[in-house]
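The structure appears below as structure tokens.
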Amino acid sequence: MGSTPSKAAQPERRERQESEKTSQYSRELVESLAGLKLSAPLSSDGALSLANVNAWEDAVAISPKLQLARSILNHANIRETLTSRSAYIADAHVFNTEVEFKTSPITNQKSSGRCWLFATTNVLRYNIMKKLNLSNFQLSQSYLFFWDKLNKSNYYLELSIQHADLPIDDRLVYYLADELISDGGQWDMAVNLLETYGVVPQPLYPESLHSSLSGPVNTLLKTKLREHALILRELAKSLRADTSITEETTLRVLRSKKEELLKEVYVVMSATLGVPPRPDERLTWDYYDKDGKPASWTGTPREFYKAYAYDKYSPADSFSLINDPRNQYGELYTVDKLGNLWGGRPVLYVNTEIENLKQAVVKQLKAGQPVFFGCDVGQFSDRQAGVMDTGLFEYEAAFDIKFGLTKADRLRTSESSMTHAMVISGVHLDASGRPVRYKVENSWGDNVGERGYFVMSDAWFEQFVYQVVVPKALAPKELVQVFEKGEAKLLPPWDPMGSLA
């Protein structure tokens with residue numbers, strides 16, 4: 001095995017370390033500036049001048065490498081042309097540690113942002129398929145999608161009631177109106193849905209056109225919900241103008257109006273996605289097992305979830321480890337105004353060193369447990385080949401540039417955030433037990449990658465993986481303690497950790 005999980009430093013020690021790092025950085029910056037020879041700017045007023053362009057062109061003219069780049073890249077795709085052959089060779093789809101049980105088929109979220117629901121159901125189906133002796137199975141992602149979207153609509157309108165006294169151009173009001181019902185989500189939001197609504201096999205609530213193509217419905221719903229929010233704001237203003245009406249009565253009237261408005265959302269959703277089963281509705285599912293024998297199950301979505309979706313490791317007893325170098329390690333974080341079920345489980349993250357995320361992955365895989373994780377999938381990746389590797393493209397060599405942003409810098413400058421959730425089902429370990437590359441089950445169909453599977457280098461994991469979900473039973477005890485007893489530090493709604501995979 002690799003190195004043991006590093007324990008979180010004591011707050012006083014960590015603050016002292018951070019202060020020392022800052023002081024050292026400041027000294028180095030002053031020293032470097034003192035020795036820096038700066039020429040006078042060619043543009044005294046800050047505008048771009050032709051003198052700048054001429055100087056840059058002169059520099060390119062004496063560089064054979066940059067001249068060659070110009071000859072080739074003005075008529076060639078830079079990603080295809082500058083792809084590293086050595087990266088493809090190193091990132092072989094070979095893994096010496098995998099979850100033993102294999103699921104199928106590779107799923108496809110199509111033109112929707114439901115990756116987190118696909119990742120969640122892809123994790124759950126491992127247990128379902130083993131218990132029911134299945135060779136081919138999917139849970140209904142649309143079932144969870146329906147209840148998530150309806151609850152997010154309610155969540156947004158509740159926030160609109162809560163903040164009806166804020167100016168309409170307040171940053172919070174504006175932000176909430178922009179990000180009101182994203183397709184995306186987080187692990188704790190998935191747990192809210194699972195514990196409240198359960199799950200159903202896909203044949204009992206199959207895909208519709210607009211579950212796989214969510215954009216048109218989202219556009220319509222956002223238009224109506226923004227209108228609903230304005231109606232509630234005006235109603236709140238008129239009710240609070242009457243001093244004889246108590247705040248309790250005001251809230252009751254506003255929520256009654258909200259429920260009336262939500263009917264329009266439900267009508268649109270049930271027409272475009274289909275009427276979903278109720279979580280307590282008894283259903284019958286007829287199926288063949290992997291031996292071709294017919295079988296049947298009868299029960300409710302909640303009963304199916306409790307009976308088959310997990311064994312030793314309940315989703316409700318799992319939590320998110322994140323690696324966010326901007327913030328203190330060994331602390332619990334949450335994001336203000338982020339959620340789907342009003343009054344439900346909040347989104348919580350335990351921030352820790354990247355080595356703890358890696359070891360959580362390895363430990364789960366060795367225990368036969370696939371791993372839900374969140375990352376920035378668009379960075380240094382090849383969708384068609386299914387490769388994620390920081391050395392995938394030779395941009396620095398071709399353009400004579402250097403990439404200097406750290407992981408923390410990327411978060412601070414909107415260069416990177418969590419954009420996608422997938423499942424890790426294997427890892428290749430070196431002789432010392434350290435990860436070299438990871439096997440990733442994606443939800444983009446089987447026409448990309450290695451029949452739908454991607455490979456992720458360990459260097460890419462370090463830079464662009466932000467979240468790993470781990471059962472408490474398999475997590476370091478000190479991090480479980482942070483999750484259970486820590487007081488969550490509140491990040492603003494627009495923080496990059498609030499981005500939804």
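Going by the structure tokens order, chains are called A, B, ..., each with residues numbered from 1, while ligands are numbered from 1 in the order shown.
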request  = Quick one: everything within 12 Å of Asp165 in chain A, counting only C-alpha atoms, minus sequence neighbours fewer than 5 positions away in the same chain. Send it as a count of residues only.
outcome  = 16
Alpha helix (DSSP H) positions in range 124-329 of chain A, given as a PyMOL selection string = chain A and resi 124-132+141-162+171-178+187-197+209-212+215-241+247-273+301-308
Please produce a file of the residues just selected, as a short mmCIF file (atom, residue, chain, number, x, y, z; two decimals), in the first residue's frame, where the atoms kept are C-alpha atoms.
```cif
data_model
loop_
_atom_site.label_atom_id
_atom_site.label_comp_id
_atom_site.auth_asym_id
_atom_site.auth_seq_id
_atom_site.Cartn_x
_atom_site.Cartn_y
_atom_site.Cartn_z
CA LEU A 124 -26.47 1.48 -6.89
CA ARG A 125 -27.03 -1.04 -9.67
CA TYR A 126 -23.96 -3.05 -8.67
CA ASN A 127 -25.84 -4.35 -5.64
CA ILE A 128 -29.16 -4.66 -7.47
CA MET A 129 -27.73 -6.75 -10.29
CA LYS A 130 -25.86 -9.05 -7.90
CA LYS A 131 -28.88 -9.59 -5.68
CA LEU A 132 -31.30 -10.22 -8.55
CA GLN A 141 -32.69 8.05 -14.06
CA SER A 142 -35.78 9.92 -15.26
CA TYR A 143 -37.67 9.01 -12.10
CA LEU A 144 -35.14 10.76 -9.91
CA PHE A 145 -34.81 13.56 -12.48
CA PHE A 146 -38.56 14.30 -12.29
CA TRP A 147 -38.66 14.53 -8.51
CA ASP A 148 -35.44 16.53 -8.41
CA LYS A 149 -36.67 19.09 -10.93
CA LEU A 150 -40.03 19.50 -9.19
CA ASN A 151 -38.35 19.92 -5.81
CA LYS A 152 -35.81 22.40 -7.19
CA SER A 153 -38.71 24.47 -8.50
CA ASN A 154 -40.24 24.49 -5.03
CA TYR A 155 -36.81 25.27 -3.51
CA TYR A 156 -36.36 28.30 -5.76
CA LEU A 157 -39.81 29.67 -4.94
CA GLU A 158 -39.21 29.16 -1.21
CA LEU A 159 -35.99 31.15 -1.55
CA SER A 160 -37.93 33.81 -3.45
CA ILE A 161 -40.35 34.06 -0.52
CA GLN A 162 -37.48 34.10 1.98
CA ARG A 171 -26.60 39.93 -6.24
CA LEU A 172 -28.19 37.00 -4.39
CA VAL A 173 -31.61 37.45 -6.01
CA TYR A 174 -30.02 37.77 -9.45
CA TYR A 175 -27.81 34.71 -8.93
CA LEU A 176 -30.67 32.52 -7.72
CA ALA A 177 -32.80 33.56 -10.71
CA ASP A 178 -29.99 32.54 -13.05
CA TRP A 187 -24.27 13.58 -3.67
CA ASP A 188 -26.28 14.88 -0.70
CA MET A 189 -29.02 15.97 -3.09
CA ALA A 190 -29.09 12.44 -4.52
CA VAL A 191 -29.42 11.04 -0.99
CA ASN A 192 -32.40 13.34 -0.41
CA LEU A 193 -34.11 11.87 -3.46
CA LEU A 194 -33.23 8.25 -2.66
CA GLU A 195 -34.42 8.41 0.94
CA THR A 196 -37.63 10.28 0.04
CA TYR A 197 -38.68 8.72 -3.27
CA LEU A 209 -37.60 12.69 -25.40
CA HIS A 210 -37.22 15.55 -22.92
CA SER A 211 -35.49 13.62 -20.17
CA SER A 212 -32.75 12.98 -22.75
CA GLY A 215 -32.97 22.11 -22.71
CA PRO A 216 -36.39 23.01 -24.18
CA VAL A 217 -38.26 22.06 -21.00
CA ASN A 218 -35.74 23.85 -18.79
CA THR A 219 -36.15 27.03 -20.83
CA LEU A 220 -39.93 26.90 -20.46
CA LEU A 221 -39.81 26.13 -16.74
CA LYS A 222 -37.29 28.88 -16.01
CA THR A 223 -39.51 31.44 -17.75
CA LYS A 224 -42.53 30.41 -15.67
CA LEU A 225 -40.60 30.19 -12.39
CA ARG A 226 -39.11 33.65 -12.80
CA GLU A 227 -42.62 34.93 -13.40
CA HIS A 228 -43.81 33.02 -10.31
CA ALA A 229 -41.03 34.57 -8.22
CA LEU A 230 -42.10 38.09 -9.23
CA ILE A 231 -45.72 37.29 -8.37
CA LEU A 232 -44.67 36.09 -4.91
CA ARG A 233 -42.47 39.17 -4.37
CA GLU A 234 -45.35 41.52 -5.18
CA LEU A 235 -47.74 39.56 -2.99
CA ALA A 236 -45.25 39.63 -0.11
CA LYS A 237 -44.86 43.39 -0.51
CA SER A 238 -48.62 44.01 -0.38
CA LEU A 239 -49.15 41.68 2.59
CA ARG A 240 -46.33 43.23 4.62
CA ALA A 241 -47.63 46.71 3.86
CA GLU A 247 -45.74 37.37 9.57
CA GLU A 248 -47.12 33.89 10.23
CA THR A 249 -50.24 34.66 8.19
CA THR A 250 -48.13 36.27 5.46
CA LEU A 251 -46.02 33.14 5.13
CA ARG A 252 -49.10 30.93 5.03
CA VAL A 253 -50.68 33.02 2.26
CA LEU A 254 -47.44 33.10 0.25
CA ARG A 255 -47.01 29.33 0.46
CA SER A 256 -50.60 28.77 -0.57
CA LYS A 257 -50.00 30.95 -3.63
CA LYS A 258 -46.71 29.16 -4.31
CA GLU A 259 -48.47 25.79 -4.40
CA GLU A 260 -51.00 27.17 -6.84
CA LEU A 261 -48.18 28.37 -9.10
CA LEU A 262 -46.28 25.08 -8.84
CA LYS A 263 -49.21 23.31 -10.43
CA GLU A 264 -48.13 24.88 -13.75
CA VAL A 265 -44.65 23.40 -13.30
CA TYR A 266 -46.10 19.97 -12.58
CA VAL A 267 -48.37 20.13 -15.63
CA VAL A 268 -45.44 20.93 -17.92
CA MET A 269 -43.22 18.27 -16.39
CA SER A 270 -45.77 15.47 -16.33
CA ALA A 271 -46.68 16.18 -19.97
CA THR A 272 -43.07 16.17 -21.18
CA LEU A 273 -41.49 13.57 -18.89
CA PRO A 301 -40.10 2.51 -5.06
CA ARG A 302 -39.05 3.01 -1.44
CA GLU A 303 -39.20 -0.74 -0.80
CA PHE A 304 -37.13 -1.50 -3.91
CA TYR A 305 -34.47 0.96 -2.76
CA LYS A 306 -34.29 -0.44 0.77
CA ALA A 307 -34.30 -4.08 -0.38
CA TYR A 308 -31.86 -4.03 -3.27
#
```
key: Shortest interatomic distance to Leu474 in chain A - which of A:Asp324, A:Glu353, A:Asp376, A:Asp317, counting only C-alpha atoms   =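 Once distances to Leu474 in chain A are computed over only C-alpha atoms, the minimum belongs to A:Asp317.
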inquiry  = List the spatial neighbours of Ile354 in chain A as a VMD selection string - criterion: any atom at most 9 Å away, only C-alpha atoms, same-chain residues fewer than 6 positions off excluded.
reply    = chain A and resid 322 to 324 461 to 462 465 to 466
ask   = Hey, what does DSSP flag as strand (DSSP E or B) within range 186-387 of chain A? Can you give it to me as a ChimeraX atom specification?
value = /A:201,213,283-288,294-299,318-322,331-335,348-351,371-375,381-382,387
query = Which one of A:Thr419, A:Gln186, A:Asn356, A:Ser443 sits closest to Asn340 in chain A if you count only C-alpha atoms?
reply =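 Residue with the minimum atom-to-atom distance to Asn340 in chain A: A:Gln186.
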ask   = Of the candidates A:Glu331, A:Asp382, A:Asp336, A:Glu478, which one gets nearest to Glu80 in chain A if we count only C-alpha atoms?
value = A:Asp382
message = For Thr300 in chain A, find every residue with an atom within 10 Å (counting only C-alpha atoms), except residues of its own chain fewer than 4 positions away, and show them as a PyMOL selection string.
response = chain A and resi 197-200+277-284+304-306
For those residues, write N, CA, C and O atoms to a file as a CSV table (one decimal), in the first residue's frame.
```
chain,number,residue,atom,x,y,z
A,197,TYR,N,-37.9,9.3,-2.2
A,197,TYR,CA,-38.7,8.7,-3.3
A,197,TYR,C,-38.3,7.3,-3.7
A,197,TYR,O,-39.0,6.6,-4.4
A,198,GLY,N,-37.2,6.8,-3.2
A,198,GLY,CA,-36.7,5.5,-3.6
A,198,GLY,C,-36.3,5.4,-5.0
A,198,GLY,O,-36.0,6.5,-5.6
A,199,VAL,N,-36.3,4.3,-5.6
A,199,VAL,CA,-35.8,4.1,-7.0
A,199,VAL,C,-36.7,3.1,-7.7
A,199,VAL,O,-37.4,2.2,-7.0
A,200,VAL,N,-36.7,3.1,-9.0
A,200,VAL,CA,-37.5,2.1,-9.8
A,200,VAL,C,-36.7,1.6,-11.0
A,200,VAL,O,-35.9,2.4,-11.5
A,277,PRO,N,-44.3,7.3,-11.0
A,277,PRO,CA,-44.9,6.6,-9.9
A,277,PRO,C,-44.7,7.3,-8.6
A,277,PRO,O,-43.7,8.1,-8.4
A,278,ARG,N,-45.7,7.2,-7.7
A,278,ARG,CA,-45.5,7.8,-6.3
A,278,ARG,C,-44.6,6.9,-5.5
A,278,ARG,O,-44.5,5.7,-5.8
A,279,PRO,N,-43.9,7.4,-4.6
A,279,PRO,CA,-42.9,6.6,-3.9
A,279,PRO,C,-43.5,5.5,-3.0
A,279,PRO,O,-42.9,4.5,-2.7
A,280,ASP,N,-44.8,5.7,-2.7
A,280,ASP,CA,-45.5,4.6,-2.0
A,280,ASP,C,-46.5,3.8,-2.8
A,280,ASP,O,-47.3,3.1,-2.3
A,281,GLU,N,-46.4,4.0,-4.1
A,281,GLU,CA,-47.3,3.2,-5.1
A,281,GLU,C,-46.8,1.8,-5.3
A,281,GLU,O,-45.6,1.6,-5.6
A,282,ARG,N,-47.6,0.9,-5.2
A,282,ARG,CA,-47.2,-0.5,-5.5
A,282,ARG,C,-47.1,-0.8,-7.0
A,282,ARG,O,-48.1,-0.5,-7.7
A,283,LEU,N,-46.0,-1.3,-7.4
A,283,LEU,CA,-45.7,-1.6,-8.8
A,283,LEU,C,-45.3,-3.0,-9.0
A,283,LEU,O,-44.8,-3.7,-8.1
A,284,THR,N,-45.5,-3.5,-10.2
A,284,THR,CA,-45.0,-4.8,-10.5
A,284,THR,C,-44.0,-4.8,-11.7
A,284,THR,O,-44.3,-4.1,-12.7
A,304,PHE,N,-38.2,-1.0,-3.0
A,304,PHE,CA,-37.1,-1.5,-3.9
A,304,PHE,C,-35.8,-0.9,-3.5
A,304,PHE,O,-34.8,-1.7,-3.5
A,305,TYR,N,-35.7,0.3,-3.2
A,305,TYR,CA,-34.5,1.0,-2.8
A,305,TYR,C,-33.9,0.3,-1.5
A,305,TYR,O,-32.7,-0.1,-1.4
A,306,LYS,N,-34.7,0.1,-0.5
A,306,LYS,CA,-34.3,-0.4,0.8
A,306,LYS,C,-33.9,-1.9,0.6
A,306,LYS,O,-32.9,-2.4,1.3
```
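When only C-alpha atoms are used to compute distances to Trp116 in chain A, the closest of the residues A:Val448, A:Met422, A:Leu490, A:Ala473 turns out to be A:Met422.
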task = Extract, using only C-alpha atoms, all DNA, RNA and protein residues at most 8 Å from Phe483 in chain A, discarding same-chain residues fewer than 6 positions from it, and format them as a list in words.
result = Phe319, Leu332, Leu348, Tyr349 and Val350 of chain A
message = Ranking A:Val123, A:Val99, A:Met418, A:Ile106 by minimum distance to Ser314 in chain A and counting only C-alpha atoms, which one comes first?
response = A:Val123
query = Quick one, how far is CA of Gly113 in chain A from CA of Val427 in chain A?
reply =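 Answer for the CA of Gly113 in chain A to CA of Val427 in chain A separation: 26.3 Å.
Reported to one decimal place, the separation of CA of Pro476 in chain A from CA of Ala360 in chain A is 8.2 Å.
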